file model_9.tsv (TSV, C-alpha atoms)
chain	number	residue	atom	x	y	z
S	1	MET	CA	63.97	9.24	-31.46
S	2	VAL	CA	64.76	12.77	-30.37
S	3	TRP	CA	61.90	14.77	-28.90
S	4	GLU	CA	61.66	18.40	-29.95
S	5	GLN	CA	61.34	21.32	-27.53
S	6	ARG	CA	58.25	23.33	-28.51
S	7	LYS	CA	56.25	26.15	-27.02
S	8	PHE	CA	52.57	25.49	-26.46
S	9	LYS	CA	51.82	28.50	-28.73
S	10	ASP	CA	53.34	26.43	-31.57
S	11	LEU	CA	51.00	23.54	-30.74
S	12	TYR	CA	47.74	25.21	-29.68
S	13	LYS	CA	45.83	28.43	-30.09
S	14	LYS	CA	43.27	29.81	-27.71
S	15	VAL	CA	39.86	29.86	-29.36
S	16	ILE	CA	36.72	31.72	-28.46
S	17	GLU	CA	34.11	30.06	-30.65
S	18	LYS	CA	30.67	30.78	-29.22
S	19	ASN	CA	27.70	28.50	-29.68
S	20	ASP	CA	25.63	29.98	-32.52
S	21	GLY	CA	22.60	28.00	-31.35
S	22	SER	CA	23.44	24.85	-33.28
S	23	PHE	CA	24.52	23.03	-30.08
S	24	LYS	CA	21.69	22.14	-27.70
S	25	SER	CA	21.56	21.34	-23.98
S	26	ASP	CA	22.21	17.61	-24.59
S	27	GLN	CA	25.60	18.54	-26.11
S	28	ILE	CA	27.04	20.18	-22.99
S	29	ILE	CA	30.31	18.49	-22.03
S	30	SER	CA	31.44	18.03	-18.44
S	31	VAL	CA	35.10	19.06	-18.61
S	32	ALA	CA	35.88	17.41	-15.27
S	33	ASN	CA	34.49	14.02	-16.31
S	34	MET	CA	34.51	14.19	-20.13
S	35	TYR	CA	30.96	13.11	-20.86
S	36	PHE	CA	27.88	14.77	-22.33
S	37	LYS	CA	25.52	16.00	-19.66
S	38	GLU	CA	22.17	17.66	-19.99
S	39	ALA	CA	21.85	21.13	-18.51
S	40	ASP	CA	19.19	22.25	-16.13
S	41	ARG	CA	16.40	23.17	-18.54
S	42	PHE	CA	15.35	26.13	-16.38
S	43	LYS	CA	18.79	27.77	-16.68
S	44	SER	CA	19.43	26.82	-20.29
S	45	SER	CA	17.42	29.13	-22.45
S	46	LEU	CA	18.43	29.33	-26.09
S	47	GLU	CA	19.98	32.74	-25.42
S	48	TYR	CA	21.96	31.48	-22.44
S	49	MET	CA	23.21	28.51	-24.49
S	50	LYS	CA	24.82	31.07	-26.84
S	51	THR	CA	27.22	32.07	-24.03
S	52	TYR	CA	28.78	28.58	-24.12
S	53	ASN	CA	32.10	27.94	-25.86
S	54	VAL	CA	32.32	25.34	-28.62
S	55	PHE	CA	34.60	22.48	-27.54
S	56	ARG	CA	35.57	20.31	-30.52
S	57	LYS	CA	37.05	16.84	-30.45
S	58	GLY	CA	40.82	17.24	-29.96
S	59	ASP	CA	40.50	20.60	-28.16
S	60	ILE	CA	41.82	20.92	-24.63
S	61	SER	CA	40.26	22.87	-21.80
S	62	PHE	CA	41.59	23.95	-18.44
S	63	GLU	CA	39.72	22.63	-15.41
S	64	GLY	CA	40.92	24.72	-12.46
S	65	ASN	CA	39.77	22.64	-9.50
S	66	LYS	CA	42.73	21.84	-7.28
S	67	SER	CA	43.01	18.36	-5.78
S	68	LYS	CA	45.58	16.07	-4.22
S	69	ASN	CA	46.40	14.83	-7.74
S	70	TYR	CA	46.39	18.24	-9.46
S	71	ALA	CA	47.88	21.03	-7.39
S	72	TYR	CA	47.17	23.74	-9.99
S	73	GLY	CA	44.22	22.26	-11.85
S	74	ARG	CA	44.57	20.29	-15.07
S	75	PHE	CA	43.98	20.20	-18.77
S	76	VAL	CA	41.51	17.74	-20.21
S	77	GLU	CA	41.32	16.75	-23.87
S	78	ASN	CA	37.99	16.34	-25.60
S	79	THR	CA	38.00	12.76	-26.84
S	80	ILE	CA	34.21	12.30	-27.08
S	81	GLY	CA	33.06	14.66	-29.86
S	82	ASP	CA	32.01	18.20	-30.62
S	83	GLY	CA	29.98	19.93	-27.95
S	84	ILE	CA	29.91	23.01	-25.75
S	85	VAL	CA	31.32	24.01	-22.37
S	86	SER	CA	30.57	26.85	-20.01
S	87	HIS	CA	32.07	30.22	-20.89
S	88	VAL	CA	34.25	29.94	-17.76
S	89	PHE	CA	36.44	27.32	-19.46
S	90	ASP	CA	39.34	28.35	-21.68
S	91	VAL	CA	39.48	26.26	-24.86
S	92	PHE	CA	42.63	25.63	-26.90
S	93	ARG	CA	42.66	24.06	-30.36
S	94	PRO	CA	45.61	22.13	-31.83
S	95	ILE	CA	47.31	23.83	-34.77
S	96	VAL	CA	49.65	20.98	-35.73
S	97	LYS	CA	49.18	17.34	-36.64
S	98	TYR	CA	48.79	15.41	-33.37
S	99	ASP	CA	47.69	12.05	-32.00
S	100	LEU	CA	44.48	12.31	-29.95
S	101	MET	CA	45.33	9.46	-27.57
S	102	TYR	CA	48.87	10.65	-26.88
S	103	TRP	CA	47.72	14.15	-25.99
S	104	LYS	CA	44.81	12.82	-23.90
S	105	TYR	CA	47.33	11.33	-21.49
S	106	PHE	CA	50.18	13.80	-21.86
S	107	ILE	CA	48.18	17.02	-21.38
S	108	ASN	CA	46.76	15.57	-18.16
S	109	TYR	CA	50.09	14.24	-16.79
S	110	GLU	CA	50.80	16.09	-13.53
S	111	PRO	CA	54.57	15.36	-13.31
S	112	VAL	CA	55.05	17.41	-16.50
S	113	MET	CA	52.02	19.70	-16.63
S	114	GLY	CA	52.07	20.58	-12.93
S	115	ARG	CA	55.22	22.65	-13.39
S	116	LYS	CA	53.80	24.34	-16.49
S	117	LEU	CA	50.59	25.21	-14.65
S	118	MET	CA	52.49	26.42	-11.59
S	119	ARG	CA	54.02	29.08	-13.86
S	120	SER	CA	50.81	29.96	-15.70
S	121	THR	CA	48.01	30.04	-13.13
S	122	THR	CA	46.87	32.39	-10.40
S	123	LYS	CA	45.52	30.89	-7.22
S	124	ALA	CA	42.05	31.47	-5.90
S	125	THR	CA	40.59	29.83	-2.79
S	126	MET	CA	39.30	26.60	-4.33
S	127	MET	CA	40.46	26.90	-7.93
S	128	SER	CA	43.34	28.01	-10.08
S	129	ASN	CA	42.78	30.50	-12.88
S	130	LEU	CA	44.74	29.97	-16.07
S	131	VAL	CA	46.68	32.87	-17.58
S	132	ALA	CA	46.48	31.78	-21.22
S	133	LYS	CA	49.35	33.93	-22.51
S	134	ASP	CA	51.66	32.51	-19.81
S	135	PHE	CA	50.58	28.95	-20.61
S	136	LEU	CA	51.24	29.41	-24.33
S	137	LYS	CA	54.82	30.58	-23.56
S	138	GLN	CA	55.68	27.34	-21.72
S	139	ASP	CA	58.08	24.85	-23.33
S	140	VAL	CA	57.43	21.14	-23.61
S	141	LEU	CA	59.24	18.19	-25.19
S	142	VAL	CA	57.18	16.65	-28.01
S	143	PRO	CA	57.73	13.41	-29.89
S	144	ASN	CA	57.14	13.30	-33.65
S	145	TYR	CA	53.70	12.27	-34.89
S	146	SER	CA	54.51	8.58	-35.52
S	147	GLU	CA	55.96	8.23	-32.02
S	148	GLN	CA	52.91	9.99	-30.57
S	149	LYS	CA	50.73	7.39	-32.29
S	150	GLU	CA	52.73	4.51	-30.83
S	151	ILE	CA	52.76	5.96	-27.31
S	152	GLY	CA	49.08	6.93	-27.46
S	153	SER	CA	48.08	3.46	-28.66
S	154	TYR	CA	50.11	1.79	-25.92
S	155	LEU	CA	48.70	3.99	-23.15
S	156	SER	CA	45.16	3.46	-24.43
S	157	LYS	CA	45.64	-0.33	-24.39
S	158	VAL	CA	47.01	-0.23	-20.84
S	159	ASP	CA	44.10	1.98	-19.78
S	160	ASN	CA	41.60	-0.45	-21.34
S	161	LEU	CA	43.24	-3.42	-19.61
S	162	LEU	CA	43.10	-1.65	-16.26
S	163	THR	CA	39.42	-0.84	-16.82
S	164	LEU	CA	38.69	-4.46	-17.72
S	165	HIS	CA	40.30	-5.76	-14.52
S	166	GLN	CA	38.58	-3.35	-12.14

call {"tool": "encode", "arguments": {"input": "model_9.tsv", "output": "structure tokens"}}
result
Amino acid sequence: MVWEQRKFKDLYKKVIEKNDGSFKSDQIISVANMYFKEADRFKSSLEYMKTYNVFRKGDISFEGNKSKNYAYGRFVENTIGDGIVSHVFDVFRPIVKYDLMYWKYFINYEPVMGRKLMRSTTKATMMSNLVAKDFLKQDVLVPNYSEQKEIGSYLSKVDNLLTLHQ
């Protein structure tokens, strides 16, 4: 099948949905590791929790820590459920039909995303800062939904097999 060239702005929108108090400290998501973690109760007053951004299943967030595997930081997709992340994380929500598993792997794939992030981040000492408007202008090749489902399912199965054998 032919993959279609799309701009990220046609796939995602930046969202600033603040926690209205309905998400509690046990619903804080670690963007770097994609799990729910409980916040330090001394720092997490109800008022402070309202500064957190809502991070829904299927949303992506930019994690700016540079490493040997991610020269400009990386995007991580929320595959675990609705929660909240620190206000320092940019959150993008899909605006088209998509396959969760396909995008989990694709949005985190350095050989493609590294070049996109190179053109849409500013460098700081230990981290990269995302320039959202520059990211949303970037082009990417996208398979149709049914092909996304097939690829996502395959990659998920391979991932599970690797986990089983480790």

call {"tool": "residues_near_point", "arguments": {"input": "model_9.tsv", "point": "(40.9, 19.7, -20.5)", "cutoff": "12 Å", "atoms": "all atoms listed in the file", "output": "PyMOL selection string"}}
result
chain S and resi 29-35+55-65+73-80+85+89-93+103-109+113+130

call {"tool": "closest_residue", "arguments": {"input": "model_9.tsv", "among": "S:Val96, S:Asp159, S:Gly114, S:Tyr154", "to": "S:Arg6", "atoms": "all atoms listed in the file"}}
result
S:Val96

call {"tool": "atom_distance", "arguments": {"input": "model_9.tsv", "atom1": "atom CA of S:Lys7", "atom2": "atom CA of S:Gly152"}}
result
20.5 Å

call {"tool": "closest_residue", "arguments": {"input": "model_9.tsv", "among": "S:His165, S:Lys50, S:Lys137, S:His87", "to": "S:Asn19", "atoms": "only C-alpha atoms"}}
result
S:Lys50

call {"tool": "residues_around", "arguments": {"input": "model_9.tsv", "residues": "S:Trp3", "least_positions_apart": "5", "cutoff": "8 Å", "atoms": "all atoms listed in the file", "output": "VMD selection string"}}
result
chain S and resid 141 to 144

call {"tool": "atom_distance", "arguments": {"input": "model_9.tsv", "atom1": "atom CA of S:Ile28", "atom2": "atom CA of S:Asn53"}}
result
9.7 Å

call {"tool": "closest_residue", "arguments": {"input": "model_9.tsv", "among": "S:Lys24, S:Lys68, S:Lys157, S:Lys9", "to": "S:Asp82", "atoms": "only C-alpha atoms"}}
result
S:Lys24

call {"tool": "closest_residue", "arguments": {"input": "model_9.tsv", "among": "S:Ile151, S:Leu117, S:Ala132, S:Met126", "to": "S:Tyr102", "atoms": "all atoms listed in the file"}}
result
S:Ile151

call {"tool": "atom_distance", "arguments": {"input": "model_9.tsv", "atom1": "atom CA of S:Ile95", "atom2": "atom CA of S:Val54"}}
result
16.3 Å

call {"tool": "closest_residue", "arguments": {"input": "model_9.tsv", "among": "S:Leu155, S:Tyr98, S:Ser128, S:Glu147", "to": "S:Lys66", "atoms": "only C-alpha atoms"}}
result
S:Ser128

call {"tool": "closest_residue", "arguments": {"input": "model_9.tsv", "among": "S:Phe135, S:Tyr72, S:Tyr12, S:Phe36", "to": "S:Lys123", "atoms": "all atoms listed in the file"}}
result
S:Tyr72

call {"tool": "build_atoms", "arguments": {"input": "model_9.tsv", "residues": "stretch 95-130 of chain S", "atoms": "N, CA and C atoms", "output": "short mmCIF file (atom, residue, chain, number, x, y, z; two decimals), keeping the file's coordinate frame"}}
result
data_model
loop_
_atom_site.label_atom_id
_atom_site.label_comp_id
_atom_site.auth_asym_id
_atom_site.auth_seq_id
_atom_site.Cartn_x
_atom_site.Cartn_y
_atom_site.Cartn_z
N ILE S 95 47.01 23.21 -33.48
CA ILE S 95 47.31 23.83 -34.77
C ILE S 95 48.35 23.04 -35.55
N VAL S 96 48.72 21.87 -35.04
CA VAL S 96 49.65 20.98 -35.73
C VAL S 96 49.05 19.58 -35.76
N LYS S 97 49.60 18.73 -36.59
CA LYS S 97 49.18 17.34 -36.64
C LYS S 97 49.53 16.70 -35.29
N TYR S 98 48.60 15.97 -34.71
CA TYR S 98 48.79 15.41 -33.37
C TYR S 98 48.06 14.08 -33.28
N ASP S 99 48.40 13.29 -32.27
CA ASP S 99 47.69 12.05 -32.00
C ASP S 99 46.78 12.26 -30.79
N LEU S 100 45.48 12.07 -30.98
CA LEU S 100 44.48 12.31 -29.95
C LEU S 100 44.77 11.54 -28.65
N MET S 101 45.11 10.27 -28.77
CA MET S 101 45.33 9.46 -27.57
C MET S 101 46.60 9.88 -26.83
N TYR S 102 47.65 10.20 -27.55
CA TYR S 102 48.87 10.65 -26.88
C TYR S 102 48.59 11.90 -26.05
N TRP S 103 47.96 12.88 -26.69
CA TRP S 103 47.72 14.15 -25.99
C TRP S 103 46.70 14.00 -24.88
N LYS S 104 45.77 13.06 -24.99
CA LYS S 104 44.81 12.82 -23.90
C LYS S 104 45.56 12.53 -22.60
N TYR S 105 46.57 11.69 -22.70
CA TYR S 105 47.33 11.33 -21.49
C TYR S 105 48.38 12.37 -21.14
N PHE S 106 49.08 12.88 -22.14
CA PHE S 106 50.18 13.80 -21.86
C PHE S 106 49.69 15.12 -21.25
N ILE S 107 48.64 15.70 -21.81
CA ILE S 107 48.18 17.02 -21.38
C ILE S 107 47.62 16.97 -19.97
N ASN S 108 47.33 15.77 -19.49
CA ASN S 108 46.76 15.57 -18.16
C ASN S 108 47.78 15.01 -17.17
N TYR S 109 49.05 14.91 -17.58
CA TYR S 109 50.09 14.24 -16.79
C TYR S 109 50.74 15.23 -15.81
N GLU S 110 50.37 15.14 -14.56
CA GLU S 110 50.80 16.09 -13.53
C GLU S 110 52.32 16.23 -13.38
N PRO S 111 53.12 15.16 -13.45
CA PRO S 111 54.57 15.36 -13.31
C PRO S 111 55.18 16.31 -14.34
N VAL S 112 54.57 16.44 -15.51
CA VAL S 112 55.05 17.41 -16.50
C VAL S 112 54.21 18.68 -16.44
N MET S 113 52.91 18.53 -16.52
CA MET S 113 52.02 19.70 -16.63
C MET S 113 51.93 20.50 -15.34
N GLY S 114 52.14 19.86 -14.20
CA GLY S 114 52.07 20.58 -12.93
C GLY S 114 53.02 21.76 -12.89
N ARG S 115 54.22 21.57 -13.37
CA ARG S 115 55.22 22.65 -13.39
C ARG S 115 54.82 23.76 -14.38
N LYS S 116 54.25 23.35 -15.50
CA LYS S 116 53.80 24.34 -16.49
C LYS S 116 52.66 25.19 -15.90
N LEU S 117 51.74 24.51 -15.22
CA LEU S 117 50.59 25.21 -14.65
C LEU S 117 50.99 26.06 -13.44
N MET S 118 52.00 25.62 -12.71
CA MET S 118 52.49 26.42 -11.59
C MET S 118 52.92 27.79 -12.09
N ARG S 119 53.50 27.83 -13.30
CA ARG S 119 54.02 29.08 -13.86
C ARG S 119 52.98 29.84 -14.70
N SER S 120 51.78 29.28 -14.83
CA SER S 120 50.81 29.96 -15.70
C SER S 120 49.40 30.00 -15.10
N THR S 121 49.30 29.90 -13.79
CA THR S 121 48.01 30.04 -13.13
C THR S 121 48.11 31.03 -11.98
N THR S 122 46.98 31.58 -11.62
CA THR S 122 46.87 32.39 -10.40
C THR S 122 45.97 31.61 -9.46
N LYS S 123 46.28 31.68 -8.19
CA LYS S 123 45.52 30.89 -7.22
C LYS S 123 44.33 31.66 -6.67
N ALA S 124 43.23 30.99 -6.61
CA ALA S 124 42.05 31.47 -5.90
C ALA S 124 41.82 30.48 -4.76
N THR S 125 40.81 30.68 -3.96
CA THR S 125 40.59 29.83 -2.79
C THR S 125 40.48 28.35 -3.13
N MET S 126 39.54 28.01 -4.02
CA MET S 126 39.30 26.60 -4.33
C MET S 126 39.79 26.20 -5.72
N MET S 127 40.12 27.19 -6.54
CA MET S 127 40.46 26.90 -7.93
C MET S 127 41.70 27.68 -8.34
N SER S 128 42.27 27.26 -9.44
CA SER S 128 43.34 28.01 -10.08
C SER S 128 42.76 28.64 -11.34
N ASN S 129 43.19 29.84 -11.64
CA ASN S 129 42.78 30.50 -12.88
C ASN S 129 43.96 30.48 -13.84
N LEU S 130 43.70 30.06 -15.05
CA LEU S 130 44.74 29.97 -16.07
C LEU S 130 45.00 31.35 -16.67
#
